[in-house]
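Just protein_33.csv here, CSV, C-alpha atoms:
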```
chain,number,residue,atom,x,y,z
A,1,ASP,CA,-34.5,54.7,150.7
A,2,ALA,CA,-34.1,51.5,148.7
A,3,LYS,CA,-35.4,51.4,145.2
A,4,THR,CA,-38.0,49.0,144.0
A,5,THR,CA,-38.7,47.3,140.6
A,6,GLN,CA,-42.2,46.4,139.5
A,7,PRO,CA,-43.6,45.2,136.2
A,8,THR,CA,-45.1,47.9,134.1
A,9,SER,CA,-48.5,46.3,133.7
A,10,MET,CA,-50.5,43.2,134.5
A,11,ASP,CA,-53.9,41.8,133.7
A,12,CYS,CA,-56.1,39.8,136.0
A,13,ALA,CA,-59.5,38.1,135.5
A,14,GLU,CA,-62.3,39.3,137.7
A,15,GLY,CA,-62.8,37.1,140.7
A,16,ARG,CA,-59.3,35.7,140.5
A,17,ALA,CA,-56.4,36.5,142.8
A,18,ALA,CA,-54.1,39.3,141.6
A,19,ASN,CA,-50.5,38.8,142.6
A,20,LEU,CA,-48.3,41.8,142.2
A,21,PRO,CA,-44.6,41.3,142.6
A,22,CYS,CA,-42.0,43.8,143.7
A,23,ASN,CA,-38.2,43.5,143.9
A,24,HIS,CA,-36.3,45.5,146.6
A,25,SER,CA,-32.9,43.8,146.7
A,26,THR,CA,-31.1,46.6,148.4
A,27,ILE,CA,-33.6,46.9,151.3
A,28,SER,CA,-32.1,47.6,154.7
A,29,GLY,CA,-32.9,45.8,157.9
A,30,ASN,CA,-35.1,48.6,159.3
A,31,GLU,CA,-36.9,49.5,156.2
A,32,TYR,CA,-40.6,48.7,155.6
A,33,VAL,CA,-42.4,47.7,152.4
A,34,TYR,CA,-45.4,49.8,151.8
A,35,TRP,CA,-48.1,49.3,149.1
A,36,TYR,CA,-50.3,52.1,147.8
A,37,ARG,CA,-52.6,52.2,144.9
A,38,GLN,CA,-54.0,55.0,142.8
A,39,ILE,CA,-57.3,54.6,141.0
A,40,HIS,CA,-57.8,56.9,138.1
A,41,SER,CA,-58.3,60.5,139.0
A,42,GLN,CA,-58.0,59.8,142.8
A,43,GLY,CA,-55.4,60.3,145.4
A,44,PRO,CA,-53.1,57.4,146.3
A,45,GLN,CA,-54.7,55.0,148.8
A,46,TYR,CA,-52.8,53.1,151.5
A,47,ILE,CA,-53.2,49.3,151.2
A,48,ILE,CA,-50.8,47.6,153.6
A,49,HIS,CA,-47.2,47.6,154.9
A,50,GLY,CA,-44.8,45.1,156.5
A,51,LEU,CA,-41.3,44.6,157.8
A,52,LYS,CA,-40.6,40.9,157.6
A,53,ASN,CA,-43.6,38.9,158.5
A,54,ASN,CA,-46.5,38.4,156.2
A,55,GLU,CA,-49.4,40.7,156.7
A,56,THR,CA,-53.1,40.6,155.9
A,57,ASN,CA,-55.8,43.2,156.3
A,58,GLU,CA,-59.3,43.6,154.8
A,59,MET,CA,-57.9,44.8,151.5
A,60,ALA,CA,-54.9,42.5,150.7
A,61,SER,CA,-52.2,40.3,151.9
A,62,LEU,CA,-48.5,41.0,151.8
A,63,ILE,CA,-46.0,38.2,151.4
A,64,ILE,CA,-42.3,39.1,152.1
A,65,THR,CA,-39.6,36.6,151.2
A,66,GLU,CA,-37.3,35.4,154.0
A,67,ASP,CA,-34.4,37.4,152.6
A,68,ARG,CA,-36.7,40.4,152.3
A,69,LYS,CA,-35.4,41.1,148.8
A,70,SER,CA,-38.8,40.8,147.2
A,71,SER,CA,-42.5,40.8,148.1
A,72,THR,CA,-45.9,40.1,146.6
A,73,LEU,CA,-49.1,41.9,147.1
A,74,ILE,CA,-52.1,39.7,146.8
A,75,LEU,CA,-55.7,40.8,146.1
A,76,PRO,CA,-57.5,37.6,146.8
A,77,HIS,CA,-60.6,38.2,144.7
A,78,ALA,CA,-60.0,41.0,142.3
A,79,THR,CA,-62.9,43.1,141.1
A,80,LEU,CA,-63.2,45.7,138.4
A,81,ARG,CA,-62.8,48.4,141.1
A,82,ASP,CA,-59.3,47.1,141.8
A,83,THR,CA,-58.1,48.4,138.4
A,84,ALA,CA,-55.4,50.9,139.4
A,85,VAL,CA,-51.7,51.7,139.5
A,86,TYR,CA,-50.1,49.9,142.4
A,87,TYR,CA,-47.0,51.3,144.0
A,88,CYS,CA,-44.5,49.3,146.0
A,89,ILE,CA,-42.4,51.6,148.3
A,90,VAL,CA,-39.5,50.9,150.6
A,91,ARG,CA,-39.3,53.3,153.5
A,92,GLY,CA,-37.4,53.7,156.8
A,93,ASN,CA,-39.1,53.6,160.1
A,94,SER,CA,-37.9,56.9,161.4
A,95,GLY,CA,-41.3,58.2,161.0
A,96,ASN,CA,-43.2,60.6,158.9
A,97,THR,CA,-40.7,60.7,156.1
A,98,PRO,CA,-41.9,61.3,152.6
A,99,LEU,CA,-43.0,58.5,150.3
A,100,VAL,CA,-40.9,58.1,147.1
A,101,PHE,CA,-43.1,56.8,144.3
A,102,GLY,CA,-41.8,54.9,141.3
A,103,LYS,CA,-43.8,54.1,138.2
A,104,GLY,CA,-45.8,51.3,139.8
A,105,THR,CA,-47.7,48.5,138.1
A,106,ARG,CA,-50.8,49.2,136.2
A,107,LEU,CA,-53.3,46.4,137.1
A,108,SER,CA,-56.2,45.9,134.8
A,109,VAL,CA,-59.0,43.6,136.1
A,110,ILE,CA,-60.9,42.2,133.2
A,111,ALA,CA,-64.5,41.0,133.3
B,112,ASP,CA,-64.2,60.2,159.6
B,113,ALA,CA,-63.4,63.0,157.3
B,114,GLY,CA,-60.2,62.4,155.3
B,115,VAL,CA,-57.8,64.9,154.0
B,116,ILE,CA,-59.7,67.8,152.4
B,117,GLN,CA,-58.4,69.8,149.5
B,118,SER,CA,-59.8,72.8,147.7
B,119,PRO,CA,-60.4,73.6,145.1
B,120,ARG,CA,-60.7,70.3,143.2
B,121,HIS,CA,-60.1,72.0,139.9
B,122,GLU,CA,-58.5,75.3,139.1
B,123,VAL,CA,-58.0,76.8,135.7
B,124,THR,CA,-56.1,80.0,135.5
B,125,GLU,CA,-54.0,82.1,133.1
B,126,MET,CA,-50.3,82.4,133.1
B,127,GLY,CA,-49.1,85.0,135.5
B,128,GLN,CA,-51.9,84.7,137.9
B,129,GLU,CA,-51.5,83.7,141.6
B,130,VAL,CA,-52.9,80.3,142.6
B,131,THR,CA,-53.6,79.2,146.1
B,132,LEU,CA,-54.3,75.5,146.9
B,133,ARG,CA,-55.7,74.6,150.3
B,134,CYS,CA,-55.4,71.5,152.5
B,135,LYS,CA,-57.1,70.4,155.7
B,136,PRO,CA,-55.3,67.4,157.2
B,137,ILE,CA,-57.0,64.6,159.2
B,138,SER,CA,-57.8,65.8,162.7
B,139,GLY,CA,-55.0,64.9,165.1
B,140,HIS,CA,-52.4,64.4,162.4
B,141,ASN,CA,-49.3,66.5,162.8
B,142,SER,CA,-47.3,65.8,159.6
B,143,LEU,CA,-48.4,67.3,156.3
B,144,PHE,CA,-47.0,66.6,152.8
B,145,TRP,CA,-47.5,68.3,149.5
B,146,TYR,CA,-46.9,66.2,146.4
B,147,ARG,CA,-47.3,67.0,142.7
B,148,GLN,CA,-48.1,64.5,139.9
B,149,THR,CA,-47.4,65.0,136.2
B,150,MET,CA,-47.3,62.5,133.4
B,151,MET,CA,-43.6,63.2,132.9
B,152,ARG,CA,-42.3,63.1,136.4
B,153,GLY,CA,-44.9,61.0,138.2
B,154,LEU,CA,-45.6,61.7,141.9
B,155,GLU,CA,-43.0,63.8,143.6
B,156,LEU,CA,-42.7,65.5,147.0
B,157,LEU,CA,-42.7,69.3,147.1
B,158,ILE,CA,-42.5,70.0,150.8
B,159,TYR,CA,-43.5,68.6,154.2
B,160,PHE,CA,-44.2,69.9,157.7
B,161,ASN,CA,-44.0,68.4,161.1
B,162,ASN,CA,-46.0,70.1,163.9
B,163,ASN,CA,-46.5,73.1,161.5
B,164,VAL,CA,-42.8,73.5,160.9
B,165,PRO,CA,-41.4,73.0,157.3
B,166,ILE,CA,-38.9,70.2,157.4
B,167,ASP,CA,-37.8,69.7,153.8
B,168,ASP,CA,-38.7,72.0,151.0
B,169,SER,CA,-36.0,70.8,148.6
B,170,GLY,CA,-38.7,69.6,146.2
B,171,MET,CA,-40.2,73.0,145.7
B,172,PRO,CA,-39.4,73.8,142.1
B,173,GLU,CA,-38.5,77.4,142.4
B,174,ASP,CA,-39.2,80.6,144.3
B,175,ARG,CA,-42.5,81.0,142.6
B,176,PHE,CA,-43.7,78.2,145.0
B,177,SER,CA,-44.4,78.8,148.7
B,178,ALA,CA,-46.2,76.8,151.3
B,179,LYS,CA,-47.4,77.7,154.8
B,180,MET,CA,-49.0,75.9,157.7
B,181,PRO,CA,-50.3,78.5,160.1
B,182,ASN,CA,-52.0,75.9,162.3
B,183,ALA,CA,-52.4,72.2,162.7
B,184,SER,CA,-55.6,72.1,160.6
B,185,PHE,CA,-54.7,74.2,157.6
B,186,SER,CA,-52.0,74.5,154.9
B,187,THR,CA,-51.7,76.4,151.7
B,188,LEU,CA,-49.5,76.0,148.6
B,189,LYS,CA,-49.2,79.2,146.6
B,190,ILE,CA,-47.8,79.6,143.1
B,191,GLN,CA,-47.0,83.2,142.1
B,192,PRO,CA,-46.8,83.8,139.2
B,193,SER,CA,-48.1,80.6,137.7
B,194,GLU,CA,-46.8,79.2,134.4
B,195,PRO,CA,-48.2,76.6,132.0
B,196,ARG,CA,-45.6,74.0,133.2
B,197,ASP,CA,-47.1,74.2,136.7
B,198,SER,CA,-50.1,72.3,135.3
B,199,ALA,CA,-50.4,69.1,137.4
B,200,VAL,CA,-52.4,67.4,140.1
B,201,TYR,CA,-51.4,68.6,143.5
B,202,PHE,CA,-52.0,66.2,146.4
B,203,CYS,CA,-51.9,66.8,150.1
B,204,ALA,CA,-51.3,64.0,152.6
B,205,SER,CA,-51.2,63.8,156.4
B,206,SER,CA,-49.9,61.4,159.0
B,207,LEU,CA,-49.3,61.1,162.7
B,208,VAL,CA,-45.8,61.7,163.8
B,209,ALA,CA,-46.1,59.5,166.9
B,210,GLN,CA,-47.0,56.4,164.9
B,211,ARG,CA,-44.0,54.3,164.0
B,212,PRO,CA,-44.0,53.7,161.1
B,213,ASP,CA,-46.6,56.2,160.1
B,214,THR,CA,-49.2,55.9,157.4
B,215,GLN,CA,-49.8,58.8,155.0
B,216,TYR,CA,-53.4,59.4,153.9
B,217,PHE,CA,-53.9,61.4,150.7
B,218,GLY,CA,-56.5,63.9,149.7
B,219,PRO,CA,-58.4,63.8,146.4
B,220,GLY,CA,-56.0,66.3,144.8
B,221,THR,CA,-56.4,69.6,143.1
B,222,ARG,CA,-56.1,69.5,139.3
B,223,LEU,CA,-54.4,72.8,138.2
B,224,THR,CA,-54.4,74.0,134.6
B,225,VAL,CA,-52.4,77.1,133.7
B,226,LEU,CA,-53.2,78.4,130.3
```
Now that the file is in, can you turn its structure into structure tokens?
Amino acid sequence: DAKTTQPTSMDCAEGRAANLPCNHSTISGNEYVYWYRQIHSQGPQYIIHGLKNNETNEMASLIITEDRKSSTLILPHATLRDTAVYYCIVRGNSGNTPLVFGKGTRLSVIA
Amino acid sequence: DAGVIQSPRHEVTEMGQEVTLRCKPISGHNSLFWYRQTMMRGLELLIYFNNNVPIDDSGMPEDRFSAKMPNASFSTLKIQPSEPRDSAVYFCASSLVAQRPDTQYFGPGTRLTVL
């Protein structure tokens, strides 16, 4: 699986959009971009995934660049409960393969 | 819907004792993963099963660790004998093999402390 690069930490004001970047310059054509987050003392939580088109669900939006070498996770209106470590993971589509977690981005939402 | 269930949530034991962690995957899921999280190494895969069969156990640290999945709704991770360096949070996750790509859902974890 391709590796990803994320900033170590970010701050965001409550109510504002949080934009979390991820670089995955070695991604292959059939690899997906997944985002998980881990709130303190909880298990990782699935947020969203995408292949090449932008995706949106009730939690977030995922913007993938046309060359697929980077992506941005957008939390449109961050709340204090969004404070967590966010992991960007690139993964093949062969199905039920393990997730390889990096260090992620620690997002702090500030009141 | 009940998510992935893990027990116990916290376990404190003494070095040399046997420890058994338990996991009940989401009903209908047929892939199960055991991960371990430490400050030093982050989240790492220990072993995973498809349809109750172990597929990859290369992440299991040593022979003291063993995992079983006797049926589709139950798995155990056993450490015997336990050592202080086994202290970590152990997560279980499950997914549906037929889904492409699949999404893994994690349990709340078991925090293990070996004294």
Please return, as a PDB file with C-alpha atoms, keeping the file's coordinate frame, all residues of chain B lying within 10 Å of chain A when only C-alpha atoms are considered.
```pdb
ATOM      1  CA  ASN B 141     -49.300  66.500 162.800  1.00  0.00           C
ATOM      2  CA  SER B 142     -47.300  65.800 159.600  1.00  0.00           C
ATOM      3  CA  LEU B 143     -48.400  67.300 156.300  1.00  0.00           C
ATOM      4  CA  PHE B 144     -47.000  66.600 152.800  1.00  0.00           C
ATOM      5  CA  TRP B 145     -47.500  68.300 149.500  1.00  0.00           C
ATOM      6  CA  TYR B 146     -46.900  66.200 146.400  1.00  0.00           C
ATOM      7  CA  ARG B 152     -42.300  63.100 136.400  1.00  0.00           C
ATOM      8  CA  GLY B 153     -44.900  61.000 138.200  1.00  0.00           C
ATOM      9  CA  LEU B 154     -45.600  61.700 141.900  1.00  0.00           C
ATOM     10  CA  GLU B 155     -43.000  63.800 143.600  1.00  0.00           C
ATOM     11  CA  LEU B 156     -42.700  65.500 147.000  1.00  0.00           C
ATOM     12  CA  LEU B 157     -42.700  69.300 147.100  1.00  0.00           C
ATOM     13  CA  ILE B 158     -42.500  70.000 150.800  1.00  0.00           C
ATOM     14  CA  TYR B 159     -43.500  68.600 154.200  1.00  0.00           C
ATOM     15  CA  PHE B 160     -44.200  69.900 157.700  1.00  0.00           C
ATOM     16  CA  ASN B 161     -44.000  68.400 161.100  1.00  0.00           C
ATOM     17  CA  ILE B 166     -38.900  70.200 157.400  1.00  0.00           C
ATOM     18  CA  ASP B 167     -37.800  69.700 153.800  1.00  0.00           C
ATOM     19  CA  VAL B 200     -52.400  67.400 140.100  1.00  0.00           C
ATOM     20  CA  TYR B 201     -51.400  68.600 143.500  1.00  0.00           C
ATOM     21  CA  PHE B 202     -52.000  66.200 146.400  1.00  0.00           C
ATOM     22  CA  CYS B 203     -51.900  66.800 150.100  1.00  0.00           C
ATOM     23  CA  ALA B 204     -51.300  64.000 152.600  1.00  0.00           C
ATOM     24  CA  SER B 205     -51.200  63.800 156.400  1.00  0.00           C
ATOM     25  CA  SER B 206     -49.900  61.400 159.000  1.00  0.00           C
ATOM     26  CA  LEU B 207     -49.300  61.100 162.700  1.00  0.00           C
ATOM     27  CA  VAL B 208     -45.800  61.700 163.800  1.00  0.00           C
ATOM     28  CA  ALA B 209     -46.100  59.500 166.900  1.00  0.00           C
ATOM     29  CA  GLN B 210     -47.000  56.400 164.900  1.00  0.00           C
ATOM     30  CA  ARG B 211     -44.000  54.300 164.000  1.00  0.00           C
ATOM     31  CA  PRO B 212     -44.000  53.700 161.100  1.00  0.00           C
ATOM     32  CA  ASP B 213     -46.600  56.200 160.100  1.00  0.00           C
ATOM     33  CA  THR B 214     -49.200  55.900 157.400  1.00  0.00           C
ATOM     34  CA  GLN B 215     -49.800  58.800 155.000  1.00  0.00           C
ATOM     35  CA  TYR B 216     -53.400  59.400 153.900  1.00  0.00           C
ATOM     36  CA  PHE B 217     -53.900  61.400 150.700  1.00  0.00           C
ATOM     37  CA  GLY B 218     -56.500  63.900 149.700  1.00  0.00           C
ATOM     38  CA  PRO B 219     -58.400  63.800 146.400  1.00  0.00           C
ATOM     39  CA  GLY B 220     -56.000  66.300 144.800  1.00  0.00           C
ATOM     40  CA  THR B 221     -56.400  69.600 143.100  1.00  0.00           C
ATOM     41  CA  ARG B 222     -56.100  69.500 139.300  1.00  0.00           C
TER      42      ARG B 222
END
```
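Here CA of Thr131 in chain B and CA of Gln38 in chain A stand 24.4 Å from one another.
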Quiz item: Could you pull the residues within 8 Å of range 5-15 of chain A, counting all atoms listed in the file, minus those fewer than 3 positions along the same chain, as a list in words?
Solution: Ala18, Pro21, Cys22, Asn23, His24, His77, Ala78, Thr79, Leu80, Cys88, Lys103, Gly104, Thr105, Arg106, Leu107, Ser108, Val109, Ile110 and Ala111 of chain A
Writer output for current selection, C-alpha atoms, as a compact mmCIF listing (two decimals), in the coordinates of the input:
```txt
# COMPACT_ATOMS: atom_id res chain seq x y z
CA ALA A 18 -54.10 39.30 141.60
CA PRO A 21 -44.60 41.30 142.60
CA CYS A 22 -42.00 43.80 143.70
CA ASN A 23 -38.20 43.50 143.90
CA HIS A 24 -36.30 45.50 146.60
CA HIS A 77 -60.60 38.20 144.70
CA ALA A 78 -60.00 41.00 142.30
CA THR A 79 -62.90 43.10 141.10
CA LEU A 80 -63.20 45.70 138.40
CA CYS A 88 -44.50 49.30 146.00
CA LYS A 103 -43.80 54.10 138.20
CA GLY A 104 -45.80 51.30 139.80
CA THR A 105 -47.70 48.50 138.10
CA ARG A 106 -50.80 49.20 136.20
CA LEU A 107 -53.30 46.40 137.10
CA SER A 108 -56.20 45.90 134.80
CA VAL A 109 -59.00 43.60 136.10
CA ILE A 110 -60.90 42.20 133.20
CA ALA A 111 -64.50 41.00 133.30
```
9 Å contact set for Leu62 in chain A, all atoms listed in the file, chain neighbours under 3 positions out, as an mmCIF file with C-alpha atoms, in the coordinates of the input:
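The resulting file, out32.cif, is reproduced below:
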```cif
data_model
loop_
_atom_site.group_PDB
_atom_site.id
_atom_site.type_symbol
_atom_site.label_atom_id
_atom_site.label_comp_id
_atom_site.auth_asym_id
_atom_site.auth_seq_id
_atom_site.Cartn_x
_atom_site.Cartn_y
_atom_site.Cartn_z
ATOM 1 C CA TRP A 35 -48.100 49.300 149.100
ATOM 2 C CA ILE A 48 -50.800 47.600 153.600
ATOM 3 C CA HIS A 49 -47.200 47.600 154.900
ATOM 4 C CA GLY A 50 -44.800 45.100 156.500
ATOM 5 C CA ASN A 53 -43.600 38.900 158.500
ATOM 6 C CA ASN A 54 -46.500 38.400 156.200
ATOM 7 C CA GLU A 55 -49.400 40.700 156.700
ATOM 8 C CA THR A 56 -53.100 40.600 155.900
ATOM 9 C CA ASN A 57 -55.800 43.200 156.300
ATOM 10 C CA SER A 71 -42.500 40.800 148.100
ATOM 11 C CA THR A 72 -45.900 40.100 146.600
ATOM 12 C CA LEU A 73 -49.100 41.900 147.100
ATOM 13 C CA ILE A 74 -52.100 39.700 146.800
#
```
Quiz prompt | Near-Ile190 in chain B list (10 Å; all atoms listed in the file; drop same-chain fewer than 6 positions) as a PyMOL selection string | solution = chain B and resi 127-132+173-178+197
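Here the question is which of B:Met180, B:Gly139, B:Ser169, B:Arg133 gets nearest to Ala113 in chain B using all atoms listed in the file, and that residue is B:Gly139.
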Quiz prompt | Atomic separation - CA of Thr83 in chain A relative to CA of Ser70 in chain A, Å | solution = 22.5 Å
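Atom pair CA of Leu20 in chain A / CA of Gln148 in chain B: separated by 22.8 Å.
Nearest to His140 in chain B of all the residues B:Gly170, B:Pro119, B:Gly114, B:Pro195 is B:Gly114, counting all atoms listed in the file.
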